>>> print(open('query_33.json').read())   # JSON, C-alpha atoms and all ligand atoms
[["chain", "number", "residue", "atom", "x", "y", "z"],
["A", 1044, "MET", "CA", 0.00, 0.00, 0.00],
["A", 1045, "THR", "CA", 1.33, 3.46, -0.92],
["A", 1046, "VAL", "CA", 1.19, 6.17, 1.73],
["A", 1047, "PRO", "CA", 1.42, 9.71, 0.32],
["A", 1048, "MET", "CA", 3.13, 11.70, 3.08],
["A", 1049, "ILE", "CA", 4.25, 15.19, 4.05],
["A", 1050, "ILE", "CA", 6.66, 15.47, 6.98],
["A", 1051, "ASP", "CA", 6.66, 18.65, 9.06],
["A", 1052, "THR", "CA", 9.87, 18.68, 11.04],
["A", 1053, "ASP", "CA", 12.56, 20.57, 13.01],
["A", 1054, "PRO", "CA", 15.73, 18.52, 12.38],
["A", 1055, "GLY", "CA", 16.88, 17.54, 15.01],
["A", 1056, "VAL", "CA", 18.83, 14.30, 15.53],
["A", 1057, "ASP", "CA", 15.80, 12.01, 15.83],
["A", 1058, "ASP", "CA", 14.07, 13.99, 13.07],
["A", 1059, "ALA", "CA", 17.07, 13.09, 10.87],
["A", 1060, "VAL", "CA", 16.49, 9.41, 11.57],
["A", 1061, "ALA", "CA", 12.76, 9.86, 10.90],
["A", 1062, "LEU", "CA", 13.38, 11.50, 7.50],
["A", 1063, "MET", "CA", 15.86, 8.81, 6.52],
["A", 1064, "LEU", "CA", 13.34, 6.16, 7.61],
["A", 1065, "ALA", "CA", 10.64, 7.68, 5.40],
["A", 1066, "ALA", "CA", 13.09, 7.81, 2.47],
["A", 1067, "ALA", "CA", 14.00, 4.16, 3.07],
["A", 1068, "SER", "CA", 10.40, 2.91, 3.33],
["A", 1069, "PRO", "CA", 9.02, 1.57, 0.04],
["A", 1070, "GLU", "CA", 5.41, 2.28, 1.07],
["A", 1071, "VAL", "CA", 6.06, 6.01, 1.50],
["A", 1072, "GLN", "CA", 5.48, 8.44, -1.34],
["A", 1073, "LEU", "CA", 7.11, 11.52, 0.17],
["A", 1074, "LEU", "CA", 5.51, 14.67, -1.29],
["A", 1075, "ALA", "CA", 7.40, 17.32, 0.66],
["A", 1076, "VAL", "CA", 9.33, 18.15, 3.80],
["A", 1077, "THR", "CA", 8.24, 21.30, 5.60],
["A", 1078, "THR", "CA", 10.20, 22.89, 8.40],
["A", 1079, "VAL", "CA", 9.38, 24.66, 11.63],
["A", 1080, "PHE", "CA", 11.36, 26.25, 14.47],
["A", 1081, "GLY", "CA", 12.00, 23.90, 17.38],
["A", 1082, "ASN", "CA", 15.22, 22.04, 18.00],
["A", 1083, "ALA", "CA", 16.91, 25.09, 16.40],
["A", 1084, "GLY", "CA", 15.75, 28.22, 14.56],
["A", 1085, "VAL", "CA", 13.84, 27.64, 11.33],
["A", 1086, "GLU", "CA", 16.79, 28.78, 9.16],
["A", 1087, "VAL", "CA", 18.88, 26.05, 10.77],
["A", 1088, "THR", "CA", 16.18, 23.35, 10.65],
["A", 1089, "THR", "CA", 15.59, 24.19, 6.97],
["A", 1090, "ALA", "CA", 19.32, 23.94, 6.21],
["A", 1091, "ASN", "CA", 19.34, 20.57, 7.98],
["A", 1092, "ALA", "CA", 16.35, 19.40, 5.94],
["A", 1093, "LEU", "CA", 18.35, 20.26, 2.79],
["A", 1094, "ARG", "CA", 21.34, 18.31, 4.13],
["A", 1095, "LEU", "CA", 19.07, 15.33, 4.79],
["A", 1096, "ARG", "CA", 17.41, 15.57, 1.38],
["A", 1097, "THR", "CA", 20.83, 15.06, -0.16],
["A", 1098, "LEU", "CA", 21.90, 12.37, 2.30],
["A", 1099, "ALA", "CA", 18.69, 10.41, 1.71],
["A", 1100, "GLY", "CA", 18.97, 10.72, -2.08],
["A", 1101, "LEU", "CA", 15.64, 12.49, -2.36],
["A", 1102, "GLY", "CA", 16.66, 14.59, -5.39],
["A", 1103, "ASN", "CA", 14.71, 17.84, -5.60],
["A", 1104, "LEU", "CA", 11.90, 16.82, -3.26],
["A", 1105, "PRO", "CA", 10.20, 20.09, -2.22],
["A", 1106, "VAL", "CA", 11.55, 21.46, 1.06],
["A", 1107, "ALA", "CA", 9.71, 24.53, 2.34],
["A", 1108, "ALA", "CA", 10.32, 26.70, 5.38],
["A", 1109, "GLY", "CA", 7.51, 27.42, 7.81],
["A", 1110, "ALA", "CA", 6.97, 29.13, 11.14],
["A", 1111, "ALA", "CA", 9.89, 30.83, 12.84],
["A", 1112, "ARG", "CA", 8.06, 31.16, 16.19],
["A", 1113, "PRO", "CA", 4.92, 30.03, 18.03],
["A", 1114, "LEU", "CA", 1.46, 31.38, 17.15],
["A", 1115, "VAL", "CA", 0.87, 33.63, 20.14],
["A", 1116, "TYR", "CA", 3.71, 33.91, 22.65],
["A", 1117, "PRO", "CA", 7.49, 33.95, 22.24],
["A", 1118, "PRO", "CA", 9.13, 30.52, 22.28],
["A", 1119, "PRO", "CA", 9.99, 29.13, 25.69],
["A", 1120, "ARG", "CA", 13.66, 29.12, 26.55],
["A", 1121, "ARG", "CA", 14.99, 25.59, 26.12],
["A", 1122, "THR", "CA", 16.95, 24.42, 29.12],
["A", 1123, "ASP", "CA", 18.72, 21.48, 27.49],
["A", 1124, "ARG", "CA", 21.06, 21.60, 24.53],
["A", 1125, "TRP", "CA", 20.38, 18.10, 23.28],
["A", 1126, "HIS", "CA", 20.38, 18.96, 19.61],
["A", 1127, "GLY", "CA", 23.12, 21.62, 19.87],
["A", 1128, "ARG", "CA", 23.20, 25.02, 18.15],
["A", 1129, "ASP", "CA", 23.21, 23.40, 14.72],
["A", 1130, "GLY", "CA", 20.28, 21.09, 15.57],
["A", 1131, "LEU", "CA", 22.45, 18.04, 14.92],
["A", 1132, "GLY", "CA", 24.39, 17.79, 18.15],
["A", 1133, "GLY", "CA", 27.14, 20.12, 16.90],
["A", 1134, "HIS", "CA", 28.01, 17.67, 14.11],
["A", 1135, "ALA", "CA", 26.00, 18.89, 11.14],
["A", 1136, "ASP", "CA", 29.32, 18.84, 9.27],
["A", 1137, "LEU", "CA", 29.06, 15.03, 9.14],
["A", 1138, "LEU", "CA", 26.20, 15.53, 6.66],
["A", 1139, "PRO", "CA", 26.31, 17.01, 3.13],
["A", 1140, "GLU", "CA", 26.34, 20.82, 2.84],
["A", 1141, "PRO", "CA", 22.84, 22.34, 2.40],
["A", 1142, "SER", "CA", 22.17, 22.67, -1.31],
["A", 1143, "GLY", "CA", 19.42, 22.85, -3.88],
["A", 1144, "PRO", "CA", 16.27, 24.94, -3.92],
["A", 1145, "VAL", "CA", 13.99, 25.84, -1.03],
["A", 1146, "ASN", "CA", 10.38, 25.92, -2.24],
["A", 1147, "ALA", "CA", 9.28, 29.52, -2.78],
["A", 1148, "LEU", "CA", 5.71, 29.00, -1.58],
["A", 1149, "GLY", "CA", 6.62, 28.34, 2.04],
["A", 1150, "ALA", "CA", 5.46, 25.47, 4.23],
["A", 1151, "VAL", "CA", 1.76, 26.15, 4.73],
["A", 1152, "PRO", "CA", 0.87, 27.20, 1.14],
["A", 1153, "LEU", "CA", 2.90, 24.27, -0.19],
["A", 1154, "MET", "CA", 1.04, 21.80, 2.03],
["A", 1155, "ALA", "CA", -2.28, 23.31, 0.94],
["A", 1156, "THR", "CA", -1.32, 23.13, -2.74],
["A", 1157, "LEU", "CA", -0.20, 19.51, -2.50],
["A", 1158, "LEU", "CA", -3.35, 18.54, -0.59],
["A", 1159, "ARG", "CA", -5.63, 20.25, -3.10],
["A", 1160, "GLY", "CA", -3.98, 18.31, -5.91],
["A", 1161, "ALA", "CA", -3.86, 14.98, -4.08],
["A", 1162, "VAL", "CA", -5.65, 12.05, -5.69],
["A", 1163, "ALA", "CA", -5.43, 9.91, -2.53],
["A", 1164, "PRO", "CA", -5.60, 10.88, 1.16],
["A", 1165, "VAL", "CA", -2.30, 12.31, 2.41],
["A", 1166, "THR", "CA", -0.77, 11.51, 5.80],
["A", 1167, "LEU", "CA", 0.74, 14.51, 7.59],
["A", 1168, "VAL", "CA", 3.49, 13.55, 10.01],
["A", 1169, "ALA", "CA", 4.24, 16.34, 12.49],
["A", 1170, "ILE", "CA", 7.45, 15.80, 14.43],
["A", 1171, "GLY", "CA", 8.12, 19.34, 15.63],
["A", 1172, "PRO", "CA", 6.02, 22.10, 17.22],
["A", 1173, "LEU", "CA", 2.50, 22.13, 15.72],
["A", 1174, "THR", "CA", 2.52, 25.74, 14.48],
["A", 1175, "ASN", "CA", 2.50, 24.94, 10.73],
["A", 1176, "ILE", "CA", -0.23, 22.31, 11.11],
["A", 1177, "ALA", "CA", -2.45, 24.67, 13.14],
["A", 1178, "LEU", "CA", -1.99, 27.38, 10.50],
["A", 1179, "LEU", "CA", -2.77, 24.95, 7.68],
["A", 1180, "LEU", "CA", -6.03, 23.82, 9.29],
["A", 1181, "ALA", "CA", -6.99, 27.39, 10.22],
["A", 1182, "VAL", "CA", -6.23, 29.05, 6.87],
["A", 1183, "HIS", "CA", -7.09, 26.22, 4.48],
["A", 1184, "PRO", "CA", -9.96, 24.24, 6.07],
["A", 1185, "GLU", "CA", -11.06, 23.14, 2.60],
["A", 1186, "VAL", "CA", -8.09, 20.74, 2.40],
["A", 1187, "LYS", "CA", -9.14, 18.76, 5.48],
["A", 1188, "PRO", "CA", -11.00, 16.08, 3.48],
["A", 1189, "ARG", "CA", -7.72, 15.36, 1.64],
["A", 1190, "ILE", "CA", -5.91, 14.57, 4.88],
["A", 1191, "GLY", "CA", -6.01, 10.85, 5.63],
["A", 1192, "ARG", "CA", -4.47, 11.19, 9.08],
["A", 1193, "VAL", "CA", -2.25, 13.49, 11.09],
["A", 1194, "VAL", "CA", 0.36, 11.55, 13.05],
["A", 1195, "ILE", "CA", 2.00, 13.67, 15.74],
["A", 1196, "MET", "CA", 5.00, 12.98, 17.94],
["A", 1197, "GLY", "CA", 4.40, 14.88, 21.15],
["A", 1198, "GLY", "CA", 2.93, 15.11, 24.62],
["A", 1199, "ASN", "CA", 3.67, 13.24, 27.79],
["A", 1200, "LEU", "CA", 0.67, 11.28, 29.02],
["A", 1201, "GLY", "CA", 2.75, 9.98, 31.91],
["A", 1202, "GLY", "CA", 2.65, 13.28, 33.87],
["A", 1203, "ALA", "CA", 5.41, 15.88, 34.17],
["A", 1204, "PRO", "CA", 7.44, 17.24, 32.50],
["A", 1205, "ALA", "CA", 5.55, 18.73, 29.56],
["A", 1206, "GLU", "CA", 6.96, 17.41, 26.30],
["A", 1207, "PHE", "CA", 9.05, 19.71, 24.05],
["A", 1208, "ASN", "CA", 7.03, 19.76, 20.79],
["A", 1209, "ILE", "CA", 3.74, 20.55, 22.50],
["A", 1210, "SER", "CA", 5.15, 23.00, 25.04],
["A", 1211, "SER", "CA", 6.95, 24.86, 22.23],
["A", 1212, "ASP", "CA", 3.53, 26.04, 20.98],
["A", 1213, "PRO", "CA", 0.68, 25.01, 23.30],
["A", 1214, "GLU", "CA", -1.89, 27.21, 21.52],
["A", 1215, "ALA", "CA", -1.15, 25.49, 18.20],
["A", 1216, "ALA", "CA", -1.36, 22.09, 19.90],
["A", 1217, "HIS", "CA", -4.68, 23.05, 21.52],
["A", 1218, "ARG", "CA", -6.08, 23.84, 18.11],
["A", 1219, "VAL", "CA", -4.81, 20.65, 16.44],
["A", 1220, "LEU", "CA", -5.44, 18.16, 19.27],
["A", 1221, "GLY", "CA", -8.50, 19.71, 20.86],
["A", 1222, "GLU", "CA", -10.50, 21.58, 18.25],
["A", 1223, "GLU", "CA", -9.96, 20.10, 14.81],
["A", 1224, "ASP", "CA", -11.83, 17.17, 13.34],
["A", 1225, "VAL", "CA", -9.23, 15.41, 11.20],
["A", 1226, "ALA", "CA", -8.26, 11.84, 12.13],
["A", 1227, "THR", "CA", -5.27, 12.18, 14.46],
["A", 1228, "THR", "CA", -2.83, 9.79, 16.10],
["A", 1229, "LEU", "CA", -0.61, 11.05, 18.92],
["A", 1230, "VAL", "CA", 2.67, 9.24, 19.58],
["A", 1231, "PRO", "CA", 3.63, 10.53, 23.02],
["A", 1232, "TRP", "CA", 7.01, 10.91, 24.71],
["A", 1233, "ASN", "CA", 6.13, 8.53, 27.56],
["A", 1234, "LEU", "CA", 6.12, 5.76, 24.91],
["A", 1235, "THR", "CA", 8.89, 6.98, 22.59],
["A", 1236, "GLN", "CA", 11.41, 7.58, 25.37],
["A", 1237, "ARG", "CA", 11.49, 3.78, 25.81],
["A", 1238, "ALA", "CA", 12.74, 3.30, 22.21],
["A", 1239, "THR", "CA", 16.40, 3.88, 23.06],
["A", 1240, "VAL", "CA", 19.27, 2.84, 20.82],
["A", 1241, "ASP", "CA", 22.23, 0.89, 22.15],
["A", 1242, "GLY", "CA", 25.79, 0.43, 20.92],
["A", 1243, "GLY", "CA", 24.94, -2.71, 18.93],
["A", 1244, "TRP", "CA", 22.10, -0.99, 17.05],
["A", 1245, "LEU", "CA", 24.38, 1.91, 16.24],
["A", 1246, "ALA", "CA", 27.26, -0.31, 15.11],
["A", 1247, "GLU", "CA", 24.96, -2.17, 12.71],
["A", 1248, "LEU", "CA", 23.71, 1.13, 11.31],
["A", 1249, "ALA", "CA", 27.26, 2.44, 10.91],
["A", 1250, "ALA", "CA", 28.25, -0.70, 8.98],
["A", 1251, "ALA", "CA", 25.41, -0.36, 6.46],
["A", 1252, "GLY", "CA", 27.08, 1.96, 3.96],
["A", 1253, "PRO", "CA", 28.05, 5.63, 3.77],
["A", 1254, "ARG", "CA", 24.59, 7.19, 4.21],
["A", 1255, "CYS", "CA", 23.79, 5.12, 7.27],
["A", 1256, "ALA", "CA", 27.31, 5.72, 8.59],
["A", 1257, "ALA", "CA", 26.81, 9.50, 8.45],
["A", 1258, "LEU", "CA", 23.53, 9.16, 10.31],
["A", 1259, "ALA", "CA", 25.13, 6.85, 12.86],
["A", 1260, "GLY", "CA", 27.90, 9.42, 13.31],
["A", 1261, "ILE", "CA", 25.39, 12.09, 14.38],
["A", 1262, "ILE", "CA", 23.56, 9.74, 16.74],
["A", 1263, "GLY", "CA", 26.83, 8.43, 18.17],
["A", 1264, "GLN", "CA", 28.12, 11.93, 18.96],
["A", 1265, "CYS", "CA", 24.85, 12.70, 20.73],
["A", 1266, "ARG", "CA", 25.04, 9.52, 22.78],
["A", 1267, "GLN", "CA", 28.46, 10.60, 24.00],
["A", 1268, "GLN", "CA", 27.35, 14.14, 24.87],
["A", 1269, "ARG", "CA", 24.11, 13.31, 26.67],
["A", 1270, "SER", "CA", 23.60, 12.00, 30.15],
["A", 1271, "THR", "CA", 20.49, 10.05, 29.09],
["A", 1272, "PRO", "CA", 20.05, 7.59, 26.20],
["A", 1273, "VAL", "CA", 19.11, 8.67, 22.68],
["A", 1274, "ALA", "CA", 15.52, 7.66, 21.89],
["A", 1275, "LEU", "CA", 13.84, 7.27, 18.49],
["A", 1276, "HIS", "CA", 10.95, 9.66, 19.28],
["A", 1277, "ASP", "CA", 10.21, 10.92, 15.77],
["A", 1278, "PRO", "CA", 10.98, 7.68, 13.87],
["A", 1279, "LEU", "CA", 8.23, 5.96, 15.86],
["A", 1280, "ALA", "CA", 5.71, 8.45, 14.47],
["A", 1281, "VAL", "CA", 6.96, 7.93, 10.89],
["A", 1282, "LEU", "CA", 6.80, 4.15, 11.32],
["A", 1283, "GLU", "CA", 3.23, 4.28, 12.65],
["A", 1284, "ALA", "CA", 2.28, 6.63, 9.79],
["A", 1285, "THR", "CA", 3.83, 4.19, 7.30],
["A", 1286, "VAL", "CA", 2.53, 0.94, 8.78],
["A", 1287, "SER", "CA", -0.70, 1.88, 10.52],
["A", 1288, "GLY", "CA", -1.25, -0.22, 13.63],
["A", 1289, "THR", "CA", 2.43, -0.72, 14.46],
["A", 1290, "LEU", "CA", 1.65, 0.96, 17.78],
["A", 1291, "THR", "CA", -1.27, 0.02, 20.02],
["A", 1292, "THR", "CA", -3.58, 3.01, 20.38],
["A", 1293, "ASN", "CA", -6.50, 4.03, 22.57],
["A", 1294, "PRO", "CA", -9.03, 6.75, 21.70],
["A", 1295, "MET", "CA", -8.90, 9.66, 24.18],
["A", 1296, "ALA", "CA", -10.24, 13.19, 24.33],
["A", 1297, "LEU", "CA", -7.29, 15.46, 25.13],
["A", 1298, "GLN", "CA", -6.69, 18.94, 26.43],
["A", 1299, "VAL", "CA", -3.54, 21.03, 26.26],
["A", 1300, "VAL", "CA", -2.73, 23.28, 29.21],
["A", 1301, "CYS", "CA", -2.41, 26.79, 27.78],
["A", 1302, "ASP", "CA", -2.19, 28.84, 30.99],
["A", 1303, "HIS", "CA", 1.15, 30.22, 32.13],
["A", 1304, "GLY", "CA", 1.50, 28.04, 35.22],
["A", 1305, "PRO", "CA", 4.01, 25.25, 35.74],
["A", 1306, "ASP", "CA", 1.96, 22.78, 33.64],
["A", 1307, "ARG", "CA", 1.91, 24.96, 30.51],
["A", 1308, "GLY", "CA", 2.16, 22.71, 27.46],
["A", 1309, "ALA", "CA", 1.07, 19.55, 29.28],
["A", 1310, "VAL", "CA", -1.28, 17.18, 27.41],
["A", 1311, "GLN", "CA", -3.93, 15.69, 29.66],
["A", 1312, "PRO", "CA", -7.09, 13.61, 29.30],
["A", 1313, "GLY", "CA", -9.94, 16.03, 28.55],
["A", 1314, "ASP", "CA", -12.57, 16.71, 31.20],
["A", 1315, "GLY", "CA", -15.42, 16.86, 28.65],
["A", 1316, "PRO", "CA", -16.57, 14.54, 25.86],
["A", 1317, "GLY", "CA", -14.25, 16.11, 23.19],
["A", 1318, "ARG", "CA", -13.34, 14.45, 19.93],
["A", 1319, "PRO", "CA", -11.14, 11.38, 20.29],
["A", 1320, "VAL", "CA", -7.48, 11.27, 19.32],
["A", 1321, "GLN", "CA", -5.84, 7.86, 18.93],
["A", 1322, "VAL", "CA", -3.10, 7.87, 21.56],
["A", 1323, "ALA", "CA", -0.29, 5.34, 21.19],
["A", 1324, "CYS", "CA", 0.03, 3.59, 24.52],
["A", 1325, "ASP", "CA", 2.11, 0.47, 23.92],
["A", 1326, "ALA", "CA", 4.35, -1.30, 21.43],
["A", 1327, "ASP", "CA", 6.94, -4.03, 21.18],
["A", 1328, "LEU", "CA", 9.80, -1.57, 21.17],
["A", 1329, "THR", "CA", 12.55, -4.17, 20.73],
["A", 1330, "SER", "CA", 10.95, -5.35, 17.48],
["A", 1331, "ILE", "CA", 10.27, -1.78, 16.43],
["A", 1332, "ASN", "CA", 13.90, -0.70, 16.90],
["A", 1333, "ALA", "CA", 14.94, -3.73, 14.85],
["A", 1334, "MET", "CA", 12.38, -2.86, 12.17],
["A", 1335, "ILE", "CA", 13.65, 0.74, 11.98],
["A", 1336, "LEU", "CA", 17.24, -0.50, 11.66],
["A", 1337, "HIS", "CA", 16.25, -3.01, 8.98],
["A", 1338, "ARG", "CA", 14.53, -0.30, 6.94],
["A", 1339, "LEU", "CA", 17.37, 2.24, 7.34],
["A", 1340, "ARG", "CA", 19.94, -0.32, 6.20],
["A", 1341, "ALA", "CA", 18.18, -0.44, 2.81],
["A", 1342, "LEU", "CA", 19.56, 3.08, 2.15],
["A", 1343, "ARG", "CA", 23.16, 1.80, 2.19],
["B", 1, "LIG", "C1", 10.65, 15.70, 20.55],
["B", 1, "LIG", "O1", 11.36, 16.89, 20.87],
["B", 1, "LIG", "C2", 12.42, 17.07, 19.99],
["B", 1, "LIG", "O2", 13.57, 17.46, 20.67],
["B", 1, "LIG", "C3", 12.59, 15.77, 19.26],
["B", 1, "LIG", "O3", 13.07, 15.98, 17.93],
["B", 1, "LIG", "C4", 11.23, 15.17, 19.26],
["B", 1, "LIG", "O4", 10.47, 15.62, 18.17],
["B", 1, "LIG", "C5", 10.75, 14.74, 21.72],
["B", 1, "LIG", "O5", 10.18, 15.29, 22.87],
["B", 2, "CA", "CA", 11.49, 16.73, 16.25]]
>>> encode(input="query_33.json", output="structure tokens")
Amino acid sequence: MTVPMIIDTDPGVDDAVALMLAAASPEVQLLAVTTVFGNAGVEVTTANALRLRTLAGLGNLPVAAGAARPLVYPPPRRTDRWHGRDGLGGHADLLPEPSGPVNALGAVPLMATLLRGAVAPVTLVAIGPLTNIALLLAVHPEVKPRIGRVVIMGGNLGGAPAEFNISSDPEAAHRVLGEEDVATTLVPWNLTQRATVDGGWLAELAAAGPRCAALAGIIGQCRQQRSTPVALHDPLAVLEATVSGTLTTNPMALQVVCDHGPDRGAVQPGDGPGRPVQVACDADLTSINAMILHRLRALR
């Protein structure tokens, strides 16, 4: 089965793995990569998307830049430096130089144009702050019937702390998770943080040819710099978007805390009926990590 897909992303080390996974997956028909601020500023995440387009052998796949900041309030100050100033753990130089065109339309108009022209439902995979997706649904509601599913990496249903993607733009997340009516799957941090990579996984990736070796180099540098393991947050969302049902999901009405208290950006079960979002709650993560590795190795 072919899955037409647009990935909205803020590369990002795990975003890099997610993009490579989409490129390596035969089911995926990648229509575009759109970028958003998040792990770094949008100029940097866009440059990284261009690097990854080359690394993944995606030719002139449209890459378009989107939001540089959240919808309403300035971006929260990030306390960790997990993805470094260059978004790739300080080792963006392990990837090709950014090259080739950036789509002149920009992220949201490009998504709308592709959706309007789509002959089959398109899956949107959102693996950064939800600003571009909220804008798309707000400005171009007519394209909603062309969206098969929105698959989002974000939220922590296990309690504190609030997860990065959602807390980077809670108002956008409130719109997308709480108020819109497109089919949505949420792949939350409390699940993805269990998908950690170990030395063996990384060694196998590194041995799978030059593209995989470059990717393994970025992940490996991050593993050395961080005090906690590297987890495949965003690749889990791409895998679920590609092979629907890979993750076990439960329907839940959700609310996003948008006040300015300590829980700002938290995702919680809604206190009213609300429309249900499919929330990923469990998975065989050992098999999934192996499946991701198997797919990536096809890139060579
Ligand atoms: C999410 O935050 C980002 O740092 C990662 O790329 C991922 O999308 C995990 O909380
Ligand atoms: Ca991300």
>>> residues_near_ligand(input="query_33.json", ligand="ligand LIG 1 (chain B)", cutoff="9 Å", atoms="only C-alpha atoms and all ligand atoms", output="number ranges by chain")
A: 1052-1059, 1081-1082, 1125-1126, 1169-1172, 1196-1199, 1205-1209, 1231-1232, 1235-1236, 1274-1277
>>> residues_around(input="query_33.json", residues="A:Arg1266", least_positions_apart="4", cutoff="10 Å", atoms="all atoms listed in the file", output="PyMOL selection string")
chain A and resi 1125+1132+1240-1242+1260-1262+1270-1274
>>> residues_around(input="query_33.json", residues="stretch 1096-1112 of chain A", least_positions_apart="5", cutoff="7 Å", atoms="all atoms listed in the file", output="ChimeraX atom specification")
/A:1063,1066,1075-1080,1084-1085,1089,1117-1118,1138-1139,1145-1146,1149-1151,1174-1175,1254
>>> closest_residue(input="query_33.json", among="A:Ala1249, A:Ala1177, A:Ile1335, A:Cys1324", to="A:Leu1064", atoms="only C-alpha atoms")
A:Ile1335
>>> atom_distance(input="query_33.json", atom1="atom CA of A:Val1162", atom2="atom CA of A:Arg1189")
8.3 Å
>>> closest_atom_pairs(input="query_33.json", of="stretch 1185-1266 of chain A", to="stretch 1154-1158 of chain A", cutoff="10 Å", atoms="all atoms listed in the file", output="Markdown table")
| residue | atom | partner | partner_atom | distance |
| --- | --- | --- | --- | --- |
| A:Glu1185 | CA | A:Ala1155 | CA | 8.9 |
| A:Val1186 | CA | A:Leu1158 | CA | 6.0 |
| A:Lys1187 | CA | A:Leu1158 | CA | 8.4 |
| A:Pro1188 | CA | A:Leu1158 | CA | 9.0 |
| A:Arg1189 | CA | A:Leu1158 | CA | 5.8 |
| A:Ile1190 | CA | A:Leu1158 | CA | 7.2 |
>>> closest_residue(input="query_33.json", among="A:Leu1153, A:Ala1215, A:Val1060, A:Leu1093", to="A:Cys1301", atoms="only C-alpha atoms")
A:Ala1215
>>> atom_distance(input="query_33.json", atom1="atom CA of A:Pro1119", atom2="atom CA of A:Met1295")
27.2 Å
>>> closest_residue(input="query_33.json", among="A:Thr1228, A:Gln1311, A:Gln1298, A:Thr1329", to="A:Thr1166", atoms="all atoms listed in the file")
A:Thr1228
>>> closest_residue(input="query_33.json", among="A:Gln1268, A:Ser1330, A:Gln1321, A:Ser1211", to="ligand CA 2 (chain B)", atoms="all atoms listed in the file")
A:Ser1211
>>> closest_residue(input="query_33.json", among="A:Pro1141, A:Gly1243, A:Pro1278, A:Pro1152", to="ligand CA 2 (chain B)", atoms="only C-alpha atoms and all ligand atoms")
A:Pro1278
>>> build_atoms(input="query_33.json", residues="stretch 1228-1242 of chain A", atoms="N, CA and C atoms", output="PDB file, in the coordinates of the input")
ATOM      1  N   THR A1228      -3.494  10.742  15.209  1.00  0.00           N
ATOM      2  CA  THR A1228      -2.830   9.790  16.100  1.00  0.00           C
ATOM      3  C   THR A1228      -1.702  10.537  16.816  1.00  0.00           C
ATOM      4  N   LEU A1229      -1.664  10.410  18.130  1.00  0.00           N
ATOM      5  CA  LEU A1229      -0.610  11.050  18.920  1.00  0.00           C
ATOM      6  C   LEU A1229       0.353   9.966  19.402  1.00  0.00           C
ATOM      7  N   VAL A1230       1.635  10.179  19.135  1.00  0.00           N
ATOM      8  CA  VAL A1230       2.670   9.240  19.580  1.00  0.00           C
ATOM      9  C   VAL A1230       3.451   9.951  20.685  1.00  0.00           C
ATOM     10  N   PRO A1231       3.113   9.682  21.948  1.00  0.00           N
ATOM     11  CA  PRO A1231       3.630  10.530  23.020  1.00  0.00           C
ATOM     12  C   PRO A1231       5.010  10.111  23.531  1.00  0.00           C
ATOM     13  N   TRP A1232       5.640  11.065  24.183  1.00  0.00           N
ATOM     14  CA  TRP A1232       7.010  10.910  24.710  1.00  0.00           C
ATOM     15  C   TRP A1232       7.109   9.777  25.725  1.00  0.00           C
ATOM     16  N   ASN A1233       6.047   9.581  26.535  1.00  0.00           N
ATOM     17  CA  ASN A1233       6.130   8.530  27.560  1.00  0.00           C
ATOM     18  C   ASN A1233       6.282   7.151  26.914  1.00  0.00           C
ATOM     19  N   LEU A1234       5.862   7.001  25.647  1.00  0.00           N
ATOM     20  CA  LEU A1234       6.120   5.760  24.910  1.00  0.00           C
ATOM     21  C   LEU A1234       7.467   5.834  24.177  1.00  0.00           C
ATOM     22  N   THR A1235       7.694   6.926  23.447  1.00  0.00           N
ATOM     23  CA  THR A1235       8.890   6.980  22.590  1.00  0.00           C
ATOM     24  C   THR A1235      10.196   6.987  23.378  1.00  0.00           C
ATOM     25  N   GLN A1236      10.158   7.512  24.612  1.00  0.00           N
ATOM     26  CA  GLN A1236      11.410   7.580  25.370  1.00  0.00           C
ATOM     27  C   GLN A1236      11.909   6.182  25.753  1.00  0.00           C
ATOM     28  N   ARG A1237      11.054   5.171  25.555  1.00  0.00           N
ATOM     29  CA  ARG A1237      11.490   3.780  25.810  1.00  0.00           C
ATOM     30  C   ARG A1237      12.200   3.178  24.590  1.00  0.00           C
ATOM     31  N   ALA A1238      12.123   3.850  23.438  1.00  0.00           N
ATOM     32  CA  ALA A1238      12.740   3.300  22.210  1.00  0.00           C
ATOM     33  C   ALA A1238      14.181   3.793  22.112  1.00  0.00           C
ATOM     34  N   THR A1239      15.015   3.382  23.032  1.00  0.00           N
ATOM     35  CA  THR A1239      16.400   3.880  23.060  1.00  0.00           C
ATOM     36  C   THR A1239      17.302   2.988  22.201  1.00  0.00           C
ATOM     37  N   VAL A1240      18.326   3.618  21.644  1.00  0.00           N
ATOM     38  CA  VAL A1240      19.270   2.840  20.820  1.00  0.00           C
ATOM     39  C   VAL A1240      20.508   2.506  21.641  1.00  0.00           C
ATOM     40  N   ASP A1241      21.018   1.294  21.425  1.00  0.00           N
ATOM     41  CA  ASP A1241      22.230   0.890  22.150  1.00  0.00           C
ATOM     42  C   ASP A1241      23.405   0.806  21.174  1.00  0.00           C
ATOM     43  N   GLY A1242      24.563   0.462  21.722  1.00  0.00           N
ATOM     44  CA  GLY A1242      25.790   0.430  20.920  1.00  0.00           C
ATOM     45  C   GLY A1242      25.699  -0.557  19.766  1.00  0.00           C
TER      46      GLY A1242
END
